[in-house]
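K.L.:
My structure file input_31.pdb, PDB, N, CA and C atoms, is below:
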ATOM      1  N   MET X 807      82.016 144.393  76.300
ATOM      2  CA  MET X 807      83.163 144.533  75.432
ATOM      3  C   MET X 807      84.289 143.645  75.955
ATOM      4  N   ASN X 808      85.051 143.107  75.049
ATOM      5  CA  ASN X 808      86.197 142.282  75.392
ATOM      6  C   ASN X 808      87.486 143.086  75.287
ATOM      7  N   CYS X 809      88.506 142.618  75.975
ATOM      8  CA  CYS X 809      89.773 143.342  76.012
ATOM      9  C   CYS X 809      90.377 143.508  74.623
ATOM     10  N   TRP X 810      90.283 142.478  73.770
ATOM     11  CA  TRP X 810      90.887 142.576  72.437
ATOM     12  C   TRP X 810      90.175 143.592  71.573
ATOM     13  N   GLU X 811      88.895 143.826  71.812
ATOM     14  CA  GLU X 811      88.171 144.870  71.088
ATOM     15  C   GLU X 811      88.606 146.249  71.579
ATOM     16  N   PHE X 812      88.729 146.395  72.875
ATOM     17  CA  PHE X 812      89.118 147.666  73.484
ATOM     18  C   PHE X 812      90.570 148.017  73.170
ATOM     19  N   LYS X 813      91.468 147.055  73.353
ATOM     20  CA  LYS X 813      92.904 147.287  73.180
ATOM     21  C   LYS X 813      93.348 147.182  71.720
ATOM     22  N   LYS X 814      92.509 146.565  70.888
ATOM     23  CA  LYS X 814      92.819 146.365  69.469
ATOM     24  C   LYS X 814      94.169 145.671  69.275
ATOM     25  N   CYS X 815      94.379 144.623  70.057
ATOM     26  CA  CYS X 815      95.657 143.894  70.024
ATOM     27  C   CYS X 815      95.759 142.928  68.852
ATOM     28  N   GLY X 816      94.623 142.509  68.300
ATOM     29  CA  GLY X 816      94.645 141.586  67.179
ATOM     30  C   GLY X 816      94.994 140.156  67.557
ATOM     31  N   ARG X 817      94.867 139.803  68.835
ATOM     32  CA  ARG X 817      95.218 138.455  69.277
ATOM     33  C   ARG X 817      94.000 137.545  69.444
ATOM     34  N   GLU X 818      92.829 137.980  69.005
ATOM     35  CA  GLU X 818      91.673 137.099  69.000
ATOM     36  C   GLU X 818      91.832 136.116  67.842
ATOM     37  N   GLN X 819      91.083 135.010  67.864
ATOM     38  CA  GLN X 819      91.140 134.024  66.784
ATOM     39  C   GLN X 819      90.918 134.722  65.455
ATOM     40  N   GLY X 820      91.845 134.565  64.526
ATOM     41  CA  GLY X 820      91.733 135.199  63.213
ATOM     42  C   GLY X 820      92.201 136.642  63.188
ATOM     43  N   GLY X 821      92.635 137.182  64.321
ATOM     44  CA  GLY X 821      93.102 138.560  64.397
ATOM     45  C   GLY X 821      94.438 138.750  63.690
ATOM     46  N   VAL X 822      94.784 139.995  63.410
ATOM     47  CA  VAL X 822      95.982 140.308  62.634
ATOM     48  C   VAL X 822      97.280 139.880  63.319
ATOM     49  N   ASN X 823      97.296 139.758  64.630
ATOM     50  CA  ASN X 823      98.507 139.354  65.350
ATOM     51  C   ASN X 823      98.456 137.941  65.911
ATOM     52  N   ALA X 824      97.367 137.239  65.666
ATOM     53  CA  ALA X 824      97.201 135.898  66.238
ATOM     54  C   ALA X 824      98.251 134.917  65.737
ATOM     55  N   GLU X 825      98.632 135.014  64.482
ATOM     56  CA  GLU X 825      99.608 134.083  63.936
ATOM     57  C   GLU X 825     101.007 134.339  64.491
ATOM     58  N   THR X 826     101.385 135.604  64.625
ATOM     59  CA  THR X 826     102.741 135.916  65.086
ATOM     60  C   THR X 826     102.871 135.895  66.607
ATOM     61  N   LEU X 827     101.857 136.391  67.332
ATOM     62  CA  LEU X 827     101.926 136.475  68.792
ATOM     63  C   LEU X 827     101.150 135.364  69.492
ATOM     64  N   GLY X 828     100.335 134.648  68.733
ATOM     65  CA  GLY X 828      99.494 133.602  69.300
ATOM     66  C   GLY X 828      98.141 134.157  69.711
ATOM     67  N   VAL X 829      97.174 133.272  69.780
ATOM     68  CA  VAL X 829      95.838 133.656  70.222
ATOM     69  C   VAL X 829      95.905 133.883  71.732
ATOM     70  N   CYS X 830      95.325 134.958  72.183
ATOM     71  CA  CYS X 830      95.340 135.330  73.593
ATOM     72  C   CYS X 830      94.679 134.253  74.447
ATOM     73  N   SER X 831      95.244 134.011  75.602
ATOM     74  CA  SER X 831      94.691 133.006  76.512
ATOM     75  C   SER X 831      93.328 133.417  77.071
ATOM     76  N   ALA X 832      92.953 134.681  76.945
ATOM     77  CA  ALA X 832      91.632 135.136  77.396
ATOM     78  C   ALA X 832      90.555 134.900  76.336
ATOM     79  N   TRP X 833      90.956 134.636  75.116
ATOM     80  CA  TRP X 833      89.998 134.416  74.037
ATOM     81  C   TRP X 833      89.477 132.999  74.097
ATOM     82  N   PRO X 834      88.224 132.700  73.882
ATOM     83  CA  PRO X 834      87.109 133.564  73.548
ATOM     84  C   PRO X 834      86.210 133.913  74.724
ATOM     85  N   ASN X 835      86.412 133.279  75.876
ATOM     86  CA  ASN X 835      85.429 133.397  76.953
ATOM     87  C   ASN X 835      85.765 134.383  78.064
ATOM     88  N   ASP X 836      86.993 134.842  78.144
ATOM     89  CA  ASP X 836      87.387 135.632  79.306
ATOM     90  C   ASP X 836      87.860 137.045  78.984
ATOM     91  N   GLY X 837      87.501 137.561  77.829
ATOM     92  CA  GLY X 837      87.941 138.892  77.419
ATOM     93  C   GLY X 837      87.341 140.019  78.224
ATOM     94  N   GLY X 838      86.284 139.751  78.964
ATOM     95  CA  GLY X 838      85.683 140.782  79.797
ATOM     96  C   GLY X 838      86.314 140.885  81.168
ATOM     97  N   ALA X 839      87.143 139.916  81.513
ATOM     98  CA  ALA X 839      87.830 139.902  82.811
ATOM     99  C   ALA X 839      89.203 139.264  82.632
ATOM    100  N   CYS X 840      89.972 139.782  81.696
ATOM    101  CA  CYS X 840      91.254 139.195  81.324
ATOM    102  C   CYS X 840      92.270 139.194  82.458
ATOM    103  N   TRP X 841      92.078 140.028  83.461
ATOM    104  CA  TRP X 841      93.013 140.080  84.591
ATOM    105  C   TRP X 841      93.012 138.787  85.385
ATOM    106  N   TYR X 842      91.992 137.970  85.245
ATOM    107  CA  TYR X 842      91.934 136.684  85.938
ATOM    108  C   TYR X 842      92.681 135.570  85.198
ATOM    109  N   VAL X 843      93.060 135.836  83.951
ATOM    110  CA  VAL X 843      93.610 134.799  83.089
ATOM    111  C   VAL X 843      95.132 134.891  83.024
ATOM    112  N   ALA X 844      95.796 133.801  83.360
ATOM    113  CA  ALA X 844      97.254 133.744  83.273
ATOM    114  C   ALA X 844      97.690 133.725  81.810
ATOM    115  N   GLY X 845      98.834 134.333  81.534
ATOM    116  CA  GLY X 845      99.436 134.266  80.219
ATOM    117  C   GLY X 845      98.964 135.279  79.208
ATOM    118  N   THR X 846      98.194 136.265  79.616
ATOM    119  CA  THR X 846      97.800 137.308  78.676
ATOM    120  C   THR X 846      99.013 138.190  78.385
ATOM    121  N   LEU X 847      98.927 138.956  77.313
ATOM    122  CA  LEU X 847     100.030 139.815  76.899
ATOM    123  C   LEU X 847      99.683 141.258  77.228
ATOM    124  N   CYS X 848     100.592 141.952  77.874
ATOM    125  CA  CYS X 848     100.367 143.355  78.215
ATOM    126  C   CYS X 848     101.680 144.107  78.055
ATOM    127  N   GLY X 849     101.648 145.175  77.285
ATOM    128  CA  GLY X 849     102.863 145.947  77.065
ATOM    129  C   GLY X 849     103.967 145.137  76.415
ATOM    130  N   GLY X 850     103.579 144.163  75.606
ATOM    131  CA  GLY X 850     104.545 143.328  74.921
ATOM    132  C   GLY X 850     105.140 142.221  75.771
ATOM    133  N   GLN X 851     104.674 142.084  77.004
ATOM    134  CA  GLN X 851     105.194 141.079  77.925
ATOM    135  C   GLN X 851     104.096 140.093  78.318
ATOM    136  N   VAL X 852     104.438 138.815  78.309
ATOM    137  CA  VAL X 852     103.493 137.805  78.778
ATOM    138  C   VAL X 852     103.362 137.968  80.288
ATOM    139  N   GLN X 853     102.133 138.034  80.738
ATOM    140  CA  GLN X 853     101.842 138.208  82.154
ATOM    141  C   GLN X 853     101.679 136.856  82.828
ATOM    142  N   GLY X 854     101.901 136.800  84.107
ATOM    143  CA  GLY X 854     101.812 135.555  84.863
ATOM    144  C   GLY X 854     100.429 135.294  85.407
ATOM    145  N   THR X 855     100.391 134.787  86.621
ATOM    146  CA  THR X 855      99.131 134.445  87.275
ATOM    147  C   THR X 855      98.397 135.711  87.710
ATOM    148  N   TYR X 856      97.179 135.528  88.146
ATOM    149  CA  TYR X 856      96.362 136.633  88.640
ATOM    150  C   TYR X 856      97.104 137.423  89.712
ATOM    151  N   ALA X 857      97.658 136.731  90.684
ATOM    152  CA  ALA X 857      98.356 137.395  91.789
ATOM    153  C   ALA X 857      99.587 138.157  91.297
ATOM    154  N   GLU X 858     100.280 137.613  90.304
ATOM    155  CA  GLU X 858     101.488 138.250  89.790
ATOM    156  C   GLU X 858     101.190 139.468  88.935
ATOM    157  N   LYS X 859     100.075 139.469  88.232
ATOM    158  CA  LYS X 859      99.819 140.527  87.268
ATOM    159  C   LYS X 859      98.819 141.586  87.713
ATOM    160  N   LEU X 860      98.122 141.372  88.804
ATOM    161  CA  LEU X 860      97.054 142.285  89.199
ATOM    162  C   LEU X 860      97.541 143.729  89.361
ATOM    163  N   GLY X 861      98.730 143.925  89.870
ATOM    164  CA  GLY X 861      99.263 145.279  90.011
ATOM    165  C   GLY X 861      99.346 146.003  88.679
ATOM    166  N   ASN X 862      99.799 145.307  87.635
ATOM    167  CA  ASN X 862      99.848 145.892  86.298
ATOM    168  C   ASN X 862      98.448 146.110  85.751
ATOM    169  N   CYS X 863      97.573 145.167  85.991
ATOM    170  CA  CYS X 863      96.200 145.273  85.487
ATOM    171  C   CYS X 863      95.491 146.489  86.068
ATOM    172  N   ARG X 864      95.750 146.783  87.305
ATOM    173  CA  ARG X 864      95.090 147.925  87.942
ATOM    174  C   ARG X 864      95.482 149.252  87.299
ATOM    175  N   LYS X 865      96.555 149.269  86.545
ATOM    176  CA  LYS X 865      97.001 150.465  85.824
ATOM    177  C   LYS X 865      96.466 150.508  84.399
ATOM    178  N   CYS X 866      95.797 149.442  83.984
ATOM    179  CA  CYS X 866      95.305 149.304  82.613
ATOM    180  C   CYS X 866      93.992 150.067  82.433
ATOM    181  N   GLU X 867      93.890 150.798  81.336
ATOM    182  CA  GLU X 867      92.687 151.583  81.064
ATOM    183  C   GLU X 867      91.453 150.694  80.910
ATOM    184  N   PHE X 868      91.606 149.521  80.299
ATOM    185  CA  PHE X 868      90.491 148.592  80.157
ATOM    186  C   PHE X 868      89.998 148.129  81.526
ATOM    187  N   TYR X 869      90.917 147.723  82.379
ATOM    188  CA  TYR X 869      90.576 147.286  83.736
ATOM    189  C   TYR X 869      89.858 148.409  84.486
ATOM    190  N   GLU X 870      90.416 149.599  84.438
ATOM    191  CA  GLU X 870      89.819 150.743  85.147
ATOM    192  C   GLU X 870      88.400 151.017  84.672
ATOM    193  N   LYS X 871      88.189 150.976  83.355
ATOM    194  CA  LYS X 871      86.848 151.233  82.820
ATOM    195  C   LYS X 871      85.873 150.112  83.171
ATOM    196  N   LYS X 872      86.314 148.857  83.096
ATOM    197  CA  LYS X 872      85.448 147.738  83.452
ATOM    198  C   LYS X 872      85.067 147.784  84.926
ATOM    199  N   MET X 873      86.045 148.006  85.780
ATOM    200  CA  MET X 873      85.784 148.011  87.209
ATOM    201  C   MET X 873      84.966 149.230  87.631
ATOM    202  N   GLY X 874      85.067 150.302  86.864
ATOM    203  CA  GLY X 874      84.284 151.496  87.133
ATOM    204  C   GLY X 874      82.902 151.460  86.513
ATOM    205  N   GLY X 875      82.609 150.384  85.768
ATOM    206  CA  GLY X 875      81.297 150.226  85.156
ATOM    207  C   GLY X 875      81.077 151.059  83.910
ATOM    208  N   GLU X 876      82.146 151.572  83.319
ATOM    209  CA  GLU X 876      81.996 152.396  82.126
ATOM    210  C   GLU X 876      81.807 151.578  80.861
ATOM    211  N   ILE X 877      82.299 150.335  80.859
ATOM    212  CA  ILE X 877      82.095 149.446  79.691
ATOM    213  C   ILE X 877      81.666 148.080  80.181
TER
END
Can you turn what I pasted into C-alpha cells?
P.N.:
Amino acid sequence: MNCWEFKKCGREQGGVNAETLGVCSAWPNDGGACWYVAGTLCGGQVQGTYAEKLGNCRKCEFYEKKMGGEI
C-alpha cells in the first residue's frame, strides 16, 4: 500500500488535491516509504529532508503500520 492510498490525501497524479496542492514528491515510486522523500506534505505542512522529518514520521499511523509490518 502507498501512503496516498492509506492517508487518502488525493495528491497522487490525477488525485482530487493534485491540482491545488501539487503531486506528492513520493508519487509514483516512493509511496511505500515516503519518510525517505523530501518535500512530502504532512499535517498541511511541507516536510523537509529525511533527517528533518523523521521525528514527525515516527508519529504517523502509516509509518507505524509499515514499520510494524501490518501493511
K.L.:
If we count only N, CA and C atoms and set the cut-off at 6.5 Å, which residues sit around X:Leu847, ignoring sequence neighbours fewer than 3 positions away in its own chain? Please answer as a count of residues only.
P.N.:
6
K.L.:
Which distance in Å separates atom N of X:Cys866 and atom C of X:Leu827, to one decimal?
P.N.:
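Value for the atom N of X:Cys866-atom C of X:Leu827 distance: 20.9 Å.
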K.L.:
Where does the PyMOL selection byres ((chain X and resi 808-821) around 7) land in this file, that is, which residues does it pick, as a list in words?
P.N.:
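Output from the PyMOL selection byres ((chain X and resi 808-821) around 7), applied to this file: Met807, Val822, Asn823, Ala824, Glu825, Leu827, Gly828, Val829, Cys830, Trp833, Asp836, Gly837, Gly838, Ala839, Cys840 and Phe868 of chain X.
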K.L.:
Would you write out, as a PyMOL selection string, every residue that the PyMOL selection byres (((chain X and resi 859 and name CA) around 10) and name CA) captures in this file?
P.N.:
chain X and resi 841-846+848+852-858+860-864
K.L.:
At what distance in Å, to one decimal, does atom CA of X:Gly849 lie from atom N of X:Lys865?
P.N.:
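The value is 11.9 Å.
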K.L.:
Apply DSSP to the structure's backbone, then extract all residues of chain X labelled strand (DSSP E or B) and return them as a VMD selection string.
P.N.:
chain X and resid 847 to 848 851 to 852
K.L.:
How about saving the chosen residues, N, CA and C atoms kept, as a PDB file, in the coordinates of the input?
P.N.:
ATOM      1  N   LEU X 847      98.927 138.956  77.313  1.00  0.00           N
ATOM      2  CA  LEU X 847     100.030 139.815  76.899  1.00  0.00           C
ATOM      3  C   LEU X 847      99.683 141.258  77.228  1.00  0.00           C
ATOM      4  N   CYS X 848     100.592 141.952  77.874  1.00  0.00           N
ATOM      5  CA  CYS X 848     100.367 143.355  78.215  1.00  0.00           C
ATOM      6  C   CYS X 848     101.680 144.107  78.055  1.00  0.00           C
ATOM      7  N   GLN X 851     104.674 142.084  77.004  1.00  0.00           N
ATOM      8  CA  GLN X 851     105.194 141.079  77.925  1.00  0.00           C
ATOM      9  C   GLN X 851     104.096 140.093  78.318  1.00  0.00           C
ATOM     10  N   VAL X 852     104.438 138.815  78.309  1.00  0.00           N
ATOM     11  CA  VAL X 852     103.493 137.805  78.778  1.00  0.00           C
ATOM     12  C   VAL X 852     103.362 137.968  80.288  1.00  0.00           C
TER      13      VAL X 852
END
K.L.:
Once 8 Å is added on each side, what are the centre and the three edge lengths, in Å to one decimal, of the axis-aligned box enclosing the listed atoms of stretch 820-825 of chain X? Present them as AutoDock Vina command-line options.
P.N.:
--center_x 96.4 --center_y 137.2 --center_z 64.4 --size_x 25.3 --size_y 22.2 --size_z 19.6
K.L.:
Rounded to one decimal, what separation in Å do you get between atom N of X:Thr826 and atom C of X:Lys871?
P.N.:
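Distance between the two atoms: 28.2 Å.
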